[in-house]
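Chemist: Here it is, the structure in full.
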Protein chains: 2
Amino acid sequence: MYIQTIAWKDNAIRIIDQNKLPQKLKYIYIKDISSLWKAIKIMQIRGAPALAGAAGLGLYLGIKESKAKNFGQFIKELDRLIRYLSMSRPTARNLFWALERIRKKVLKHKKNPVFELKKIIFNETQKIILEDKIACRRIGEFGARLIKDNDTILTICNTGIFATIDYGTALGIIYRAKEKGKYIKVYVCETRPMLQGARLTTWELKHKGLDVTLICDSMAAYLMQKKKINKVIVGADRVAINGDTANKIGTYNLAVLSFYHRIPFYVACPLSTFDLSCKDGGDIPIEQRSVKEVRELFFKKPIAKKNIKIFNPAFDITPHNLITAIITDKGIIKKPYKKNILRIIKNKNAIK
Amino acid sequence: MYIQTIAWKDNAIRIIDQNKLPQKLKYIYIKDISSLWKAIKIMQIRGAPALAGAAGLGLYLGIKESKAKNFGQFIKELDRLIRYLSMSRPTARNLFWALERIRKKVLKHKKNPVFELKKIIFNETQKIILEDKIACRRIGEFGARLIKDNDTILTICNTGIFATIDYGTALGIIYRAKEKGKYIKVYVCETRPMLQGARLTTWELKHKGLDVTLICDSMAAYLMQKKKINKVIVGADRVAINGDTANKIGTYNLAVLSFYHRIPFYVACPLSTFDLSCKDGGDIPIEQRSVKEVRELFFKKPIAKKNIKIFNPAFDITPHNLITAIITDKGIIKKPYKKNILRIIKNKNAIK
């Protein structure tokens, strides 16, 4: 069964309601920009690379019925929608990257009539979606070279089909290694509070025939102590120019544990996740989410009373010194990160 | 409101059904040994020091109607009940310690008639319970000396009222420091899978008027990175002669994080938690619990499909080199652990 996380179908954005997993794989159709905004906010769709496609198609949904008579009116309306979508979630770089890319494309065609500008937005988003499919396969190809037969890999959150268009970044590497005939065992951190590891990652790894075991986040250290983990591979929501990486809360914890146990710690992401405007992790905004996610265990019976203060950052920053390598669609980046990140982004040439 | 976790009332063991917290503080009465066994197994009562009292009263429940006619029959029946209770949970030392202590006491009085042996068992258990109250206050007193005004302390699982008879080990230190007028902020790891931190610890810290904030286990690293944590204090289920400490799964994770961030990491427990028959952590049995605890989020809607393998160790081992000090009822033990643990246990003299 081929699964595409986000697609344009029947004049609507078709996504999978990821909050329904693992109970059911349910497609839903989104017909207006505010529903798309909400779907991002409540994480019916999530994962940095997937949010690029979602933002692009959302922007198209918002602008396609525009009554703008000229470019001035059109760009004003577009900018308003871009600002609106930008407020859905603050950390994942790819969402902003897609919106900026589309805006630039529109500016290049300011002479075109409005109906053509709409088509340009749609086509650019389709290009973003296609490029994600290719980028993930390239990440998989580069990353699979680092994986040995019989490796046991630990991962967190969801960095697979459901986090991208159809393949995955960190999980894409595992899929590619498996396609090449390597046997891999995967341990998945459940990833509190929203449990993307338990709900999404175990589902798709099993779907792809991998040997997968679910653990609570606090058990990763125990497995490392028992020498059960060879490699840790995680995704990224935003990478600063010095390599500092924002990713799902708990990632930094795994990085420290990997350092202490001398286990390679890899980050996998497309180049669209890099943000040259962030000199280091301190420049990356960290989303603070609803305390209900922690208190109500995926919105069920409360586990603490309402008068208890709760802290719920959605992401954390892993400093570059704890990262063994960053695996991108243009090659594997190693230390020194700043020099090599700039080289790979500016030259757009593959390095190894 | 004074809360006593375990008590002998109306010819029964009165405990708090800890699985009902934080929704309600409900006392239940246990009238036979197999109900007590089950209460321990499903964690209606838990916490290493509390299990000493529970095991003693459970043994009394099992033996009080004994028809044994002589000491030979009595000790045979007692040993069968001790073996039975020993199979409830394998890791916490205090449960075995209490049963061994009671058995020794009975052996010392083998000349006494059976009805008096029953009374001896009951009285010895009451002594264990009373001693726990005193030991916890002594731990609190010793430990409070390490706490500064305005400290921010991180803890895991429950090591307070509900883990002991009425005061706590690691939490007892916090209570004592507060009684001495120190302002303390406490961060509590929710402690997956059974959520003792979220359900029990936040409840009792709030009850005692502390400033408490709940976090997911994976967020501890983030707080340390942001320099929000001064000290980590945890309890212990069993301490080996070299200082290696078994405690709730996730404790070792916090120890590594504390080491990396140069934060003092303290273990608090009574001497009854030490096991001289364990030369190091490798000798301590780790309980593997039901995968349902991970999969079904405290027995609610599944978060992963049934075909997903799950790993659920209930405890982990923190090597002694990661422990700053062990705070006991006889004083604070520092490195070298083996020498100092032996000294404090053999001499039974307080050291500082």
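Ligands are numbered from 1 in the order shown, chains are lettered A, B, ... in the order of the structure tokens, and residues start at 1 in each chain.
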Tell me which protein, DNA and RNA residues are within 10 Å of Tyr175 in chain A, counting only C-alpha atoms, leaving out same-chain ones fewer than 5 positions away, and put them as an NGL selection string.
Modeler: :A and (137 or 140-141 or 144 or 160 or 167-170 or 180-182 or 184 or 205 or 208-210)
Chemist: I need the residues from that last selection saved to file as a short mmCIF file (atom, residue, chain, number, x, y, z; two decimals), in the first residue's frame (with all heavy atoms), if you can.
Modeler:
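The resulting selection.cif:
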data_model
loop_
_atom_site.label_atom_id
_atom_site.label_comp_id
_atom_site.auth_asym_id
_atom_site.auth_seq_id
_atom_site.Cartn_x
_atom_site.Cartn_y
_atom_site.Cartn_z
N ARG A 137 14.65 10.40 -0.71
CA ARG A 137 15.34 9.22 -1.26
C ARG A 137 16.85 9.44 -1.32
O ARG A 137 17.63 8.51 -1.13
CB ARG A 137 14.74 8.84 -2.61
CG ARG A 137 13.44 8.07 -2.41
CD ARG A 137 12.46 8.11 -3.54
NE ARG A 137 11.24 7.39 -3.18
CZ ARG A 137 10.21 7.95 -2.53
NH1 ARG A 137 10.24 9.22 -2.18
NH2 ARG A 137 9.13 7.23 -2.23
N GLY A 140 18.07 9.06 2.16
CA GLY A 140 18.11 7.62 2.44
C GLY A 140 19.35 6.97 1.85
O GLY A 140 20.01 6.16 2.49
N GLU A 141 19.67 7.38 0.62
CA GLU A 141 20.82 6.80 -0.08
C GLU A 141 22.13 7.16 0.63
O GLU A 141 22.97 6.30 0.88
CB GLU A 141 20.83 7.33 -1.52
CG GLU A 141 21.74 6.58 -2.46
CD GLU A 141 21.35 5.11 -2.62
OE1 GLU A 141 20.15 4.82 -2.76
OE2 GLU A 141 22.26 4.27 -2.55
N ALA A 144 22.12 5.52 4.22
CA ALA A 144 22.20 4.05 4.27
C ALA A 144 23.65 3.57 4.22
O ALA A 144 23.96 2.47 4.70
CB ALA A 144 21.40 3.45 3.12
N GLY A 160 9.29 9.72 9.28
CA GLY A 160 9.12 8.80 8.16
C GLY A 160 8.10 9.30 7.15
O GLY A 160 8.01 10.50 6.86
N TYR A 167 8.18 9.22 2.28
CA TYR A 167 9.31 8.31 2.51
C TYR A 167 9.97 8.51 3.86
O TYR A 167 10.10 7.57 4.64
CB TYR A 167 10.33 8.48 1.37
CG TYR A 167 11.33 7.35 1.24
CD1 TYR A 167 10.95 6.10 0.75
CD2 TYR A 167 12.67 7.55 1.58
CE1 TYR A 167 11.87 5.06 0.63
CE2 TYR A 167 13.60 6.51 1.45
CZ TYR A 167 13.19 5.28 0.96
OH TYR A 167 14.11 4.26 0.83
N GLY A 168 10.40 9.75 4.11
CA GLY A 168 11.01 9.99 5.42
C GLY A 168 12.46 10.40 5.34
O GLY A 168 13.13 10.20 4.33
N THR A 169 12.92 10.99 6.44
CA THR A 169 14.31 11.43 6.55
C THR A 169 15.10 10.37 7.35
O THR A 169 15.71 9.49 6.74
CB THR A 169 14.37 12.81 7.22
OG1 THR A 169 13.64 12.78 8.46
CG2 THR A 169 13.75 13.87 6.32
N ALA A 170 15.05 10.44 8.68
CA ALA A 170 15.76 9.42 9.48
C ALA A 170 15.21 8.02 9.18
O ALA A 170 15.97 7.07 8.99
CB ALA A 170 15.63 9.75 10.97
N LYS A 180 18.39 -2.34 0.72
CA LYS A 180 19.70 -2.85 0.29
C LYS A 180 20.05 -4.18 0.94
O LYS A 180 21.17 -4.66 0.84
CB LYS A 180 20.78 -1.82 0.63
CG LYS A 180 20.76 -0.60 -0.29
CD LYS A 180 21.82 0.39 0.14
CE LYS A 180 22.34 1.17 -1.08
NZ LYS A 180 23.44 2.06 -0.69
N GLY A 181 19.10 -4.74 1.69
CA GLY A 181 19.30 -6.08 2.24
C GLY A 181 19.90 -6.13 3.62
O GLY A 181 20.24 -7.20 4.12
N LYS A 182 20.03 -4.96 4.26
CA LYS A 182 20.59 -4.98 5.62
C LYS A 182 19.50 -5.29 6.64
O LYS A 182 18.38 -4.77 6.54
CB LYS A 182 21.24 -3.63 5.94
CG LYS A 182 22.48 -3.39 5.09
CD LYS A 182 23.02 -1.97 5.23
CE LYS A 182 24.12 -1.76 4.20
NZ LYS A 182 24.54 -0.35 4.10
N ILE A 184 18.01 -4.66 10.16
CA ILE A 184 18.08 -3.57 11.14
C ILE A 184 17.00 -3.77 12.19
O ILE A 184 15.86 -4.09 11.87
CB ILE A 184 17.86 -2.20 10.46
CG1 ILE A 184 18.92 -1.99 9.40
CG2 ILE A 184 17.89 -1.07 11.48
CD1 ILE A 184 18.50 -1.03 8.33
N LEU A 205 6.93 1.63 10.64
CA LEU A 205 8.06 0.68 10.58
C LEU A 205 7.53 -0.75 10.43
O LEU A 205 8.06 -1.56 9.68
CB LEU A 205 8.94 0.81 11.82
CG LEU A 205 9.85 2.05 11.88
CD1 LEU A 205 10.51 2.16 13.25
CD2 LEU A 205 10.93 2.01 10.79
N LYS A 208 6.31 -1.34 7.01
CA LYS A 208 7.41 -1.56 6.06
C LYS A 208 8.22 -2.82 6.39
O LYS A 208 9.28 -3.04 5.82
CB LYS A 208 8.34 -0.34 6.10
CG LYS A 208 7.72 0.92 5.49
CD LYS A 208 8.12 1.09 4.04
CE LYS A 208 7.92 2.51 3.55
NZ LYS A 208 8.42 2.67 2.16
N GLY A 209 7.75 -3.59 7.38
CA GLY A 209 8.39 -4.87 7.66
C GLY A 209 9.63 -4.82 8.51
O GLY A 209 10.42 -5.77 8.53
N LEU A 210 9.82 -3.74 9.25
CA LEU A 210 11.00 -3.63 10.11
C LEU A 210 10.76 -4.33 11.46
O LEU A 210 9.63 -4.46 11.91
CB LEU A 210 11.33 -2.16 10.38
CG LEU A 210 12.31 -1.43 9.45
CD1 LEU A 210 13.71 -1.98 9.58
CD2 LEU A 210 11.83 -1.39 8.03
#
Chemist: Taking only C-alpha atoms into account, report as a PyMOL selection string which residues of chain A lie within 8 Å of chain B.
Modeler: chain A and resi 22-23+191-193+195+198-199+202-203+206+212-222+249-250+252-253+256-257+260+294+297+300+303-305+308-313+316-317
Chemist: Give me, as a ChimeraX atom specification, all polymer residues having an atom no more than 8 Å from range 266-269 of chain B, counting only C-alpha atoms and skipping those fewer than 5 positions away in the same chain.
Modeler: /B:139,143,169-170,231-236,323-329
Chemist: Write out as a ChimeraX atom specification which residues come within 7 Å of range 59-65 of chain B when counting only C-alpha atoms, dropping same-chain ones fewer than 3 positions away.
Modeler: /B:31-33,55-56,78,81-82,118,121-122
Chemist: Using DSSP on the backbone coordinates, identify all residues within range 11-239 of chain B classified as strand (DSSP E or B); present the result as an MDAnalysis selection string.
Modeler: chainID B and resid 12:16 27:30 151:155 184:189 211:215 231:234 238:239
Chemist: Selection from above, N, CA, C and O atoms, as a compact mmCIF listing (two decimals), in the first residue's frame, can you write it?
Modeler:
# COMPACT_ATOMS: atom_id res chain seq x y z
N ALA B 12 -7.39 -5.18 59.69
CA ALA B 12 -7.04 -5.24 58.26
C ALA B 12 -5.89 -4.26 57.99
O ALA B 12 -5.57 -3.41 58.84
N ILE B 13 -5.27 -4.43 56.81
CA ILE B 13 -4.25 -3.46 56.40
C ILE B 13 -4.95 -2.34 55.65
O ILE B 13 -5.60 -2.59 54.63
N ARG B 14 -4.83 -1.14 56.16
CA ARG B 14 -5.42 -0.01 55.44
C ARG B 14 -4.34 0.63 54.59
O ARG B 14 -3.30 1.05 55.10
N ILE B 15 -4.57 0.66 53.27
CA ILE B 15 -3.64 1.36 52.38
C ILE B 15 -4.42 2.37 51.56
O ILE B 15 -5.66 2.36 51.54
N ILE B 16 -3.69 3.22 50.89
CA ILE B 16 -4.31 4.13 49.92
C ILE B 16 -4.21 3.45 48.57
O ILE B 16 -3.14 2.93 48.21
N TYR B 27 -8.91 5.24 50.70
CA TYR B 27 -8.34 4.17 51.53
C TYR B 27 -9.05 2.86 51.20
O TYR B 27 -10.26 2.85 50.97
N ILE B 28 -8.29 1.78 51.17
CA ILE B 28 -8.90 0.46 51.00
C ILE B 28 -8.38 -0.45 52.12
O ILE B 28 -7.30 -0.22 52.66
N TYR B 29 -9.18 -1.46 52.44
CA TYR B 29 -8.84 -2.36 53.55
C TYR B 29 -8.55 -3.74 53.00
O TYR B 29 -9.37 -4.30 52.26
N ILE B 30 -7.40 -4.28 53.35
CA ILE B 30 -6.96 -5.56 52.82
C ILE B 30 -7.01 -6.59 53.93
O ILE B 30 -6.42 -6.40 54.99
N ASP B 151 16.91 26.80 45.89
CA ASP B 151 17.31 25.68 45.03
C ASP B 151 16.14 25.25 44.14
O ASP B 151 14.98 25.33 44.55
N THR B 152 16.50 24.78 42.95
CA THR B 152 15.50 24.14 42.11
C THR B 152 15.91 22.69 41.94
O THR B 152 16.99 22.38 41.46
N ILE B 153 15.04 21.82 42.41
CA ILE B 153 15.36 20.39 42.51
C ILE B 153 14.53 19.60 41.51
O ILE B 153 13.33 19.83 41.36
N LEU B 154 15.20 18.67 40.84
CA LEU B 154 14.48 17.76 39.93
C LEU B 154 14.38 16.40 40.60
O LEU B 154 15.35 15.92 41.20
N THR B 155 13.22 15.76 40.46
CA THR B 155 13.07 14.41 41.00
C THR B 155 12.25 13.54 40.05
O THR B 155 11.69 14.04 39.07
N ILE B 184 11.99 26.38 47.91
CA ILE B 184 12.45 25.38 46.95
C ILE B 184 11.44 25.24 45.83
O ILE B 184 10.23 25.21 46.07
N LYS B 185 11.97 25.18 44.62
CA LYS B 185 11.11 24.91 43.46
C LYS B 185 11.41 23.47 43.03
O LYS B 185 12.58 23.07 43.00
N VAL B 186 10.36 22.72 42.74
CA VAL B 186 10.58 21.31 42.38
C VAL B 186 10.03 21.02 40.99
O VAL B 186 8.88 21.37 40.69
N TYR B 187 10.85 20.42 40.14
CA TYR B 187 10.38 19.89 38.87
C TYR B 187 10.23 18.37 39.03
O TYR B 187 11.11 17.72 39.60
N VAL B 188 9.13 17.85 38.55
CA VAL B 188 8.83 16.43 38.71
C VAL B 188 8.72 15.75 37.34
O VAL B 188 7.90 16.16 36.52
N CYS B 189 9.53 14.73 37.10
CA CYS B 189 9.39 13.93 35.88
C CYS B 189 8.12 13.08 36.01
O CYS B 189 7.91 12.44 37.04
N ASP B 211 6.26 24.60 45.57
CA ASP B 211 6.14 25.12 44.20
C ASP B 211 6.57 23.99 43.26
O ASP B 211 7.75 23.67 43.16
N VAL B 212 5.61 23.37 42.60
CA VAL B 212 5.89 22.17 41.81
C VAL B 212 5.49 22.35 40.35
O VAL B 212 4.47 22.96 40.05
N THR B 213 6.34 21.85 39.44
CA THR B 213 6.04 21.88 38.01
C THR B 213 6.26 20.49 37.43
O THR B 213 7.29 19.86 37.68
N LEU B 214 5.29 20.03 36.68
CA LEU B 214 5.33 18.70 36.07
C LEU B 214 5.96 18.79 34.68
O LEU B 214 5.63 19.68 33.90
N ILE B 215 6.85 17.85 34.37
CA ILE B 215 7.40 17.77 33.01
C ILE B 215 7.33 16.32 32.52
O ILE B 215 7.22 15.39 33.32
N LYS B 231 19.93 20.74 41.61
CA LYS B 231 20.20 19.45 42.23
C LYS B 231 19.19 18.44 41.74
O LYS B 231 18.04 18.78 41.47
N VAL B 232 19.63 17.19 41.68
CA VAL B 232 18.71 16.09 41.40
C VAL B 232 18.72 15.18 42.62
O VAL B 232 19.79 14.83 43.13
N ILE B 233 17.54 14.85 43.12
CA ILE B 233 17.45 13.92 44.26
C ILE B 233 16.46 12.82 43.90
O ILE B 233 15.33 13.11 43.47
N VAL B 234 16.90 11.58 44.04
CA VAL B 234 16.05 10.44 43.70
C VAL B 234 16.03 9.47 44.88
O VAL B 234 16.85 9.58 45.79
N ARG B 238 17.16 -0.47 45.61
CA ARG B 238 18.18 -1.34 46.18
C ARG B 238 19.55 -0.73 45.88
O ARG B 238 19.79 -0.26 44.77
N VAL B 239 20.41 -0.71 46.88
CA VAL B 239 21.76 -0.18 46.69
C VAL B 239 22.76 -1.31 46.93
O VAL B 239 22.70 -1.98 47.96
Chemist: Calculated over only C-alpha atoms, which of the candidates A:Val106, A:Ile341, A:Val114, A:Ala92 has the smallest distance to Gly47 in chain A?
Modeler: A:Ala92
